[in-house]
Amino acid sequence: MTELYWQTMGEGDRDLVLLHGWGLNADVWQQAALRLAPHFRLHLVDLPGYGRSRGFGAMTLKEMADRVRENAPPRAHWLGWSLGGLVASQIALDAPAQVASLITVASSPCFAAQEDWPGIRPEVLQGFQHQLSEDFQRTVERFLALQTLGTESARRDARLLKAVVLEQPMPGADVLNGGLEILRQADLREPLRALTLPFLRIYGRLDGLVPRKIVPQLDEAWPHSTSVVLEKAAHALFVSHPEAFTQALLDFLAGK
């Protein structure tokens with residue numbers, strides 16, 4: 001069986017699984033991991049087909065969630081950024097007994113804009129899919145640049161994200177297309193209404209991929225969840241604002 005890249009580190013007695021976003025790999029958590037390692041046993045995962053988790057083709061959201069869950073500790077806190085937030089949410093829906101809490105970071109239950117829902121215009125996601133076939137690396141770089149727009153440290157953060165991608169094997173075009181298809185089609189708004197476990201959502205107010213307008217809508221739809229908005233952060237908020245990100249996480253998980 002093809003193996004997932006799965007690194008465990010940290011000094012805490014609680015398990016925290018970290019899932020990265022589209023086009024990236026577990027190395028994106030390097031800064032955050034240093035801050036979190038004293039508090040948790042961290043599990044840094046390359047999603048199937050990304051980074052060092054080679055040999056996987058395109059997957060549905062359910063398939064990706066099932067594959068990641070196979071390697072997981074019996075009961076962990078699950079944190080997912082962007083696409084990783086959808087994967088962590090699917091795991092919480094499929095196996096709530098295996099999830100101590102769910103934390104989504106700059107993520108949406110429905111990334112694609114709809115008539116009554118702010119998000120990424122479907123034609124933008126389709127455009128990225130089309131561009132992947134023409135200029136693979138430039139398309140990934142353009143998507144990464146979108147994640148830091150508007151912040152004071154945008155250029156530095158974009159360089160860091162690009163370095164994370166280039167230091168590890170690039171995902172195949174089929175895997176990247178599959179990830180964009182998940183972002184285009186997934187809609188977990190209704191299923192997550194029924195979730196009863198502890199649930200934190202962290203957002204950046206300047207995020208161009210996950211509009212801040214969804215925050216009050218989800219506060220109302222999911223009253224069992226808690227939201228935190230970092231005022232000067234965009235999509236890669238744990239890179240640009242590591243202290244505020246870590247504090248929000250530690251405050252939420254205190255005693256859990």
# chains A, B, ... in the order shown; residues from 1 in each chain; ligands from 1
$ residues_around --residues "Leu125 (chain A)" --least-positions-apart "2" --cutoff "9 Å" --atoms "only C-alpha atoms" --output "list in words"
Ala112, Ile120, Arg121, Pro122, Glu123, Gly127, Phe128, Gln129, His130, Leu180, Glu181, Leu183 and Arg184 of chain A
$ select_by_dssp --residues "region 92-235 of chain A" --states "helix (DSSP H, G or I)" --output "PyMOL selection string"
chain A and resi 92-94+96-98+122-134+136-146+154-167+173-185+191-194+214-221
$ closest_residue --among "A:Val68, A:Leu34, A:Val99, A:Leu19" --to "Leu197 (chain A)" --atoms "only C-alpha atoms"
A:Val99
$ residues_around --residues "Leu250 (chain A)" --least-positions-apart "3" --cutoff "12 Å" --atoms "only C-alpha atoms" --output "PyMOL selection string"
chain A and resi 16+32+35-40+77+103+200+243-247+253-256
$ write_last_selection --atoms "N, CA, C and O atoms" --output "PDB file, in the first residue's frame"
ATOM      1  N   LEU A  16      -2.423  16.315  18.287  1.00  0.00           N
ATOM      2  CA  LEU A  16      -2.953  17.348  17.398  1.00  0.00           C
ATOM      3  C   LEU A  16      -2.463  17.059  15.988  1.00  0.00           C
ATOM      4  O   LEU A  16      -1.259  17.061  15.726  1.00  0.00           O
ATOM      5  N   ALA A  32       4.762  27.221  13.108  1.00  0.00           N
ATOM      6  CA  ALA A  32       3.706  26.933  14.074  1.00  0.00           C
ATOM      7  C   ALA A  32       4.075  25.735  14.946  1.00  0.00           C
ATOM      8  O   ALA A  32       3.796  25.721  16.153  1.00  0.00           O
ATOM      9  N   ARG A  35       6.086  26.458  18.045  1.00  0.00           N
ATOM     10  CA  ARG A  35       5.303  27.062  19.116  1.00  0.00           C
ATOM     11  C   ARG A  35       4.350  26.070  19.782  1.00  0.00           C
ATOM     12  O   ARG A  35       4.033  26.191  20.969  1.00  0.00           O
ATOM     13  N   LEU A  36       3.892  25.097  19.009  1.00  0.00           N
ATOM     14  CA  LEU A  36       2.894  24.155  19.534  1.00  0.00           C
ATOM     15  C   LEU A  36       3.512  22.908  20.167  1.00  0.00           C
ATOM     16  O   LEU A  36       2.863  22.247  20.983  1.00  0.00           O
ATOM     17  N   ALA A  37       4.744  22.575  19.780  1.00  0.00           N
ATOM     18  CA  ALA A  37       5.376  21.333  20.238  1.00  0.00           C
ATOM     19  C   ALA A  37       5.463  21.203  21.761  1.00  0.00           C
ATOM     20  O   ALA A  37       5.337  20.085  22.281  1.00  0.00           O
ATOM     21  N   PRO A  38       5.675  22.288  22.523  1.00  0.00           N
ATOM     22  CA  PRO A  38       5.698  22.114  23.988  1.00  0.00           C
ATOM     23  C   PRO A  38       4.353  21.705  24.581  1.00  0.00           C
ATOM     24  O   PRO A  38       4.305  21.211  25.706  1.00  0.00           O
ATOM     25  N   HIS A  39       3.272  21.890  23.827  1.00  0.00           N
ATOM     26  CA  HIS A  39       1.935  21.672  24.369  1.00  0.00           C
ATOM     27  C   HIS A  39       1.255  20.403  23.860  1.00  0.00           C
ATOM     28  O   HIS A  39       0.318  19.911  24.501  1.00  0.00           O
ATOM     29  N   PHE A  40       1.685  19.894  22.697  1.00  0.00           N
ATOM     30  CA  PHE A  40       0.980  18.782  22.055  1.00  0.00           C
ATOM     31  C   PHE A  40       1.955  17.773  21.471  1.00  0.00           C
ATOM     32  O   PHE A  40       3.126  18.081  21.228  1.00  0.00           O
ATOM     33  N   HIS A  77      -7.075  15.929  18.426  1.00  0.00           N
ATOM     34  CA  HIS A  77      -7.590  17.207  17.958  1.00  0.00           C
ATOM     35  C   HIS A  77      -7.154  17.339  16.502  1.00  0.00           C
ATOM     36  O   HIS A  77      -5.994  17.097  16.165  1.00  0.00           O
ATOM     37  N   ILE A 103     -10.669  22.018  14.434  1.00  0.00           N
ATOM     38  CA  ILE A 103     -10.256  23.412  14.228  1.00  0.00           C
ATOM     39  C   ILE A 103     -10.040  23.611  12.736  1.00  0.00           C
ATOM     40  O   ILE A 103      -9.243  22.899  12.120  1.00  0.00           O
ATOM     41  N   LEU A 200     -13.714  25.008  16.542  1.00  0.00           N
ATOM     42  CA  LEU A 200     -13.187  26.365  16.421  1.00  0.00           C
ATOM     43  C   LEU A 200     -12.914  26.685  14.962  1.00  0.00           C
ATOM     44  O   LEU A 200     -12.346  25.873  14.235  1.00  0.00           O
ATOM     45  N   GLU A 243       1.891  34.266  16.460  1.00  0.00           N
ATOM     46  CA  GLU A 243       1.587  34.399  17.890  1.00  0.00           C
ATOM     47  C   GLU A 243       0.086  34.432  18.127  1.00  0.00           C
ATOM     48  O   GLU A 243      -0.431  33.733  19.007  1.00  0.00           O
ATOM     49  N   ALA A 244      -0.635  35.239  17.357  1.00  0.00           N
ATOM     50  CA  ALA A 244      -2.088  35.332  17.529  1.00  0.00           C
ATOM     51  C   ALA A 244      -2.758  34.006  17.188  1.00  0.00           C
ATOM     52  O   ALA A 244      -3.718  33.589  17.863  1.00  0.00           O
ATOM     53  N   PHE A 245      -2.261  33.345  16.154  1.00  0.00           N
ATOM     54  CA  PHE A 245      -2.799  32.035  15.771  1.00  0.00           C
ATOM     55  C   PHE A 245      -2.611  31.024  16.903  1.00  0.00           C
ATOM     56  O   PHE A 245      -3.552  30.331  17.301  1.00  0.00           O
ATOM     57  N   THR A 246      -1.388  30.938  17.421  1.00  0.00           N
ATOM     58  CA  THR A 246      -1.094  29.978  18.485  1.00  0.00           C
ATOM     59  C   THR A 246      -1.930  30.266  19.720  1.00  0.00           C
ATOM     60  O   THR A 246      -2.469  29.338  20.346  1.00  0.00           O
ATOM     61  N   GLN A 247      -2.066  31.548  20.073  1.00  0.00           N
ATOM     62  CA  GLN A 247      -2.829  31.909  21.271  1.00  0.00           C
ATOM     63  C   GLN A 247      -4.299  31.522  21.130  1.00  0.00           C
ATOM     64  O   GLN A 247      -4.909  31.007  22.074  1.00  0.00           O
ATOM     65  N   LEU A 253      -8.205  25.182  23.248  1.00  0.00           N
ATOM     66  CA  LEU A 253      -7.927  23.807  23.668  1.00  0.00           C
ATOM     67  C   LEU A 253      -7.581  23.696  25.157  1.00  0.00           C
ATOM     68  O   LEU A 253      -7.328  22.597  25.644  1.00  0.00           O
ATOM     69  N   ALA A 254      -7.573  24.801  25.873  1.00  0.00           N
ATOM     70  CA  ALA A 254      -7.287  24.742  27.313  1.00  0.00           C
ATOM     71  C   ALA A 254      -8.301  23.842  28.003  1.00  0.00           C
ATOM     72  O   ALA A 254      -9.512  24.051  27.930  1.00  0.00           O
ATOM     73  N   GLY A 255      -7.796  22.803  28.636  1.00  0.00           N
ATOM     74  CA  GLY A 255      -8.659  21.872  29.361  1.00  0.00           C
ATOM     75  C   GLY A 255      -9.357  20.839  28.520  1.00  0.00           C
ATOM     76  O   GLY A 255     -10.081  19.987  29.041  1.00  0.00           O
ATOM     77  N   LYS A 256      -9.152  20.852  27.188  1.00  0.00           N
ATOM     78  CA  LYS A 256      -9.820  19.872  26.323  1.00  0.00           C
ATOM     79  C   LYS A 256      -8.910  18.674  26.082  1.00  0.00           C
ATOM     80  O   LYS A 256      -7.721  18.787  26.046  1.00  0.00           O
TER      81      LYS A 256
END
$ residues_around --residues "region 45-60 of chain A" --least-positions-apart "3" --cutoff "8 Å" --atoms "only C-alpha atoms" --output "number ranges by chain"
A: 2-7, 17-20, 23-26, 63-64, 67-68, 165, 168-172, 174-179, 182
$ atom_distance --atom1 "CA of Lys62 (chain A)" --atom2 "CA of Leu83 (chain A)"
12.6 Å
$ residues_around --residues "region 232-236 of chain A" --least-positions-apart "6" --cutoff "8 Å" --atoms "only C-alpha atoms" --output "PyMOL selection string"
chain A and resi 106+147-151+157+203-210
$ write_last_selection --atoms "N, CA and C atoms" --output "PDB file, in the first residue's frame"
ATOM      1  N   ALA A 106      -8.738  29.412   8.126  1.00  0.00           N
ATOM      2  CA  ALA A 106      -8.906  30.012   6.793  1.00  0.00           C
ATOM      3  C   ALA A 106      -9.530  28.999   5.842  1.00  0.00           C
ATOM      4  N   GLN A 147      -2.768  33.979  -1.477  1.00  0.00           N
ATOM      5  CA  GLN A 147      -2.998  33.648  -0.074  1.00  0.00           C
ATOM      6  C   GLN A 147      -2.420  34.679   0.889  1.00  0.00           C
ATOM      7  N   THR A 148      -1.526  35.546   0.399  1.00  0.00           N
ATOM      8  CA  THR A 148      -0.875  36.506   1.285  1.00  0.00           C
ATOM      9  C   THR A 148      -1.257  37.951   0.959  1.00  0.00           C
ATOM     10  N   LEU A 149      -2.031  38.176  -0.084  1.00  0.00           N
ATOM     11  CA  LEU A 149      -2.371  39.534  -0.530  1.00  0.00           C
ATOM     12  C   LEU A 149      -2.978  40.366   0.593  1.00  0.00           C
ATOM     13  N   GLY A 150      -2.511  41.611   0.704  1.00  0.00           N
ATOM     14  CA  GLY A 150      -3.119  42.546   1.634  1.00  0.00           C
ATOM     15  C   GLY A 150      -2.455  42.655   2.986  1.00  0.00           C
ATOM     16  N   THR A 151      -1.576  41.707   3.333  1.00  0.00           N
ATOM     17  CA  THR A 151      -0.927  41.761   4.642  1.00  0.00           C
ATOM     18  C   THR A 151       0.371  42.552   4.549  1.00  0.00           C
ATOM     19  N   ASP A 157       5.872  36.322   3.197  1.00  0.00           N
ATOM     20  CA  ASP A 157       5.049  35.124   3.388  1.00  0.00           C
ATOM     21  C   ASP A 157       4.909  34.339   2.092  1.00  0.00           C
ATOM     22  N   TYR A 203     -10.161  32.738  11.193  1.00  0.00           N
ATOM     23  CA  TYR A 203     -10.175  33.414   9.897  1.00  0.00           C
ATOM     24  C   TYR A 203      -9.217  34.606   9.896  1.00  0.00           C
ATOM     25  N   GLY A 204      -8.804  35.016   8.700  1.00  0.00           N
ATOM     26  CA  GLY A 204      -8.114  36.286   8.501  1.00  0.00           C
ATOM     27  C   GLY A 204      -9.067  37.276   7.850  1.00  0.00           C
ATOM     28  N   ARG A 205      -9.176  38.469   8.416  1.00  0.00           N
ATOM     29  CA  ARG A 205     -10.124  39.445   7.891  1.00  0.00           C
ATOM     30  C   ARG A 205      -9.803  39.856   6.457  1.00  0.00           C
ATOM     31  N   LEU A 206      -8.530  39.763   6.042  1.00  0.00           N
ATOM     32  CA  LEU A 206      -8.110  40.195   4.712  1.00  0.00           C
ATOM     33  C   LEU A 206      -8.071  39.050   3.700  1.00  0.00           C
ATOM     34  N   ASP A 207      -8.578  37.901   4.081  1.00  0.00           N
ATOM     35  CA  ASP A 207      -8.504  36.702   3.245  1.00  0.00           C
ATOM     36  C   ASP A 207      -9.298  36.905   1.946  1.00  0.00           C
ATOM     37  N   GLY A 208      -8.626  36.732   0.806  1.00  0.00           N
ATOM     38  CA  GLY A 208      -9.296  36.869  -0.474  1.00  0.00           C
ATOM     39  C   GLY A 208      -9.896  35.580  -0.988  1.00  0.00           C
ATOM     40  N   LEU A 209      -9.628  34.456  -0.321  1.00  0.00           N
ATOM     41  CA  LEU A 209     -10.149  33.157  -0.758  1.00  0.00           C
ATOM     42  C   LEU A 209     -11.332  32.694   0.098  1.00  0.00           C
ATOM     43  N   VAL A 210     -11.328  33.096   1.373  1.00  0.00           N
ATOM     44  CA  VAL A 210     -12.433  32.760   2.277  1.00  0.00           C
ATOM     45  C   VAL A 210     -12.980  34.091   2.805  1.00  0.00           C
TER      46      VAL A 210
END
$ closest_residue --among "A:Ala186, A:Val124, A:Ala92, A:Ala97" --to "Phe111 (chain A)" --atoms "only C-alpha atoms"
A:Ala186
$ atom_distance --atom1 "CA of Phe252 (chain A)" --atom2 "CA of Ala158 (chain A)"
28.1 Å
$ select_by_dssp --residues "region 16-217 of chain A" --states "strand (DSSP E or B)" --output "PyMOL selection string"
chain A and resi 16-19+41-45+76-81+99-105+112+114+117+120+199-204
$ write_last_selection --atoms "C-alpha atoms" --output "compact mmCIF listing (two decimals), in the first residue's frame"
# COMPACT_ATOMS: atom_id res chain seq x y z
CA LEU A 16 -2.95 17.35 17.40
CA VAL A 17 -3.08 16.46 13.69
CA LEU A 18 -2.20 19.29 11.26
CA LEU A 19 -3.46 19.16 7.65
CA ARG A 41 2.13 15.60 20.36
CA LEU A 42 1.99 16.93 16.80
CA HIS A 43 1.23 14.86 13.72
CA LEU A 44 2.42 16.59 10.53
CA VAL A 45 0.89 15.00 7.46
CA ALA A 76 -6.90 13.54 18.43
CA HIS A 77 -7.59 17.21 17.96
CA TRP A 78 -7.79 17.82 14.19
CA LEU A 79 -6.68 21.10 12.63
CA GLY A 80 -7.01 21.76 8.91
CA TRP A 81 -6.00 24.80 6.89
CA VAL A 99 -12.03 13.50 16.98
CA ALA A 100 -11.56 15.33 20.29
CA SER A 101 -12.12 18.69 18.60
CA LEU A 102 -12.16 20.24 15.13
CA ILE A 103 -10.26 23.41 14.23
CA THR A 104 -10.54 24.89 10.74
CA VAL A 105 -8.12 27.65 9.70
CA ALA A 112 -17.22 28.11 -4.38
CA GLN A 114 -23.16 30.55 -4.86
CA TRP A 117 -23.03 32.38 -0.40
CA ILE A 120 -14.42 31.98 -4.95
CA PHE A 199 -15.37 23.27 16.98
CA LEU A 200 -13.19 26.37 16.42
CA ARG A 201 -13.00 28.38 13.19
CA ILE A 202 -10.09 30.84 12.70
CA TYR A 203 -10.17 33.41 9.90
CA GLY A 204 -8.11 36.29 8.50
$ closest_residue --among "A:Ala72, A:Val28, A:Ala173, A:Leu218" --to "Gln131 (chain A)" --atoms "only C-alpha atoms"
A:Ala173
$ atom_distance --atom1 "CA of Leu230 (chain A)" --atom2 "CA of Pro191 (chain A)"
26.2 Å
$ closest_residue --among "A:Pro118, A:Pro242, A:Pro198, A:Gly21" --to "His224 (chain A)" --atoms "only C-alpha atoms"
A:Pro198
$ decode --residues "region 177-191 of chain A" --atoms "N, CA, C and O atoms" --output "CSV table (one decimal), in the first residue's frame"
chain,number,residue,atom,x,y,z
A,177,ASN,N,-5.4,19.0,-9.8
A,177,ASN,CA,-6.7,19.1,-10.4
A,177,ASN,C,-7.8,18.5,-9.5
A,177,ASN,O,-8.9,19.1,-9.3
A,178,GLY,N,-7.5,17.4,-8.9
A,178,GLY,CA,-8.4,16.8,-8.0
A,178,GLY,C,-8.7,17.6,-6.8
A,178,GLY,O,-9.9,17.7,-6.3
A,179,GLY,N,-7.7,18.3,-6.2
A,179,GLY,CA,-7.8,19.2,-5.1
A,179,GLY,C,-8.7,20.4,-5.5
A,179,GLY,O,-9.6,20.8,-4.7
A,180,LEU,N,-8.5,21.0,-6.7
A,180,LEU,CA,-9.3,22.1,-7.1
A,180,LEU,C,-10.8,21.6,-7.3
A,180,LEU,O,-11.7,22.4,-7.1
A,181,GLU,N,-11.0,20.4,-7.8
A,181,GLU,CA,-12.3,19.9,-7.9
A,181,GLU,C,-13.0,19.8,-6.6
A,181,GLU,O,-14.2,20.1,-6.5
A,182,ILE,N,-12.3,19.4,-5.5
A,182,ILE,CA,-12.9,19.3,-4.2
A,182,ILE,C,-13.3,20.7,-3.8
A,182,ILE,O,-14.4,21.0,-3.3
A,183,LEU,N,-12.4,21.7,-4.0
A,183,LEU,CA,-12.7,23.1,-3.6
A,183,LEU,C,-13.9,23.6,-4.4
A,183,LEU,O,-14.7,24.4,-3.9
A,184,ARG,N,-14.1,23.1,-5.6
A,184,ARG,CA,-15.2,23.6,-6.5
A,184,ARG,C,-16.5,23.0,-6.1
A,184,ARG,O,-17.5,23.6,-6.3
A,185,GLN,N,-16.5,21.7,-5.7
A,185,GLN,CA,-17.7,21.0,-5.5
A,185,GLN,C,-18.2,20.8,-4.1
A,185,GLN,O,-19.4,20.7,-3.8
A,186,ALA,N,-17.2,20.7,-3.1
A,186,ALA,CA,-17.6,20.4,-1.7
A,186,ALA,C,-18.5,21.4,-1.1
A,186,ALA,O,-18.4,22.6,-1.3
A,187,ASP,N,-19.5,20.9,-0.4
A,187,ASP,CA,-20.4,21.8,0.4
A,187,ASP,C,-20.8,21.0,1.7
A,187,ASP,O,-21.7,20.2,1.7
A,188,LEU,N,-20.2,21.4,2.8
A,188,LEU,CA,-20.4,20.7,4.1
A,188,LEU,C,-21.2,21.6,5.0
A,188,LEU,O,-21.3,21.3,6.2
A,189,ARG,N,-21.9,22.6,4.5
A,189,ARG,CA,-22.6,23.6,5.3
A,189,ARG,C,-23.7,22.9,6.1
A,189,ARG,O,-23.8,23.0,7.4
A,190,GLU,N,-24.5,22.1,5.5
A,190,GLU,CA,-25.6,21.4,6.2
A,190,GLU,C,-25.1,20.2,7.0
A,190,GLU,O,-25.5,20.1,8.2
A,191,PRO,N,-24.2,19.3,6.5
A,191,PRO,CA,-23.8,18.3,7.4
A,191,PRO,C,-23.1,18.7,8.7
A,191,PRO,O,-23.3,18.1,9.8
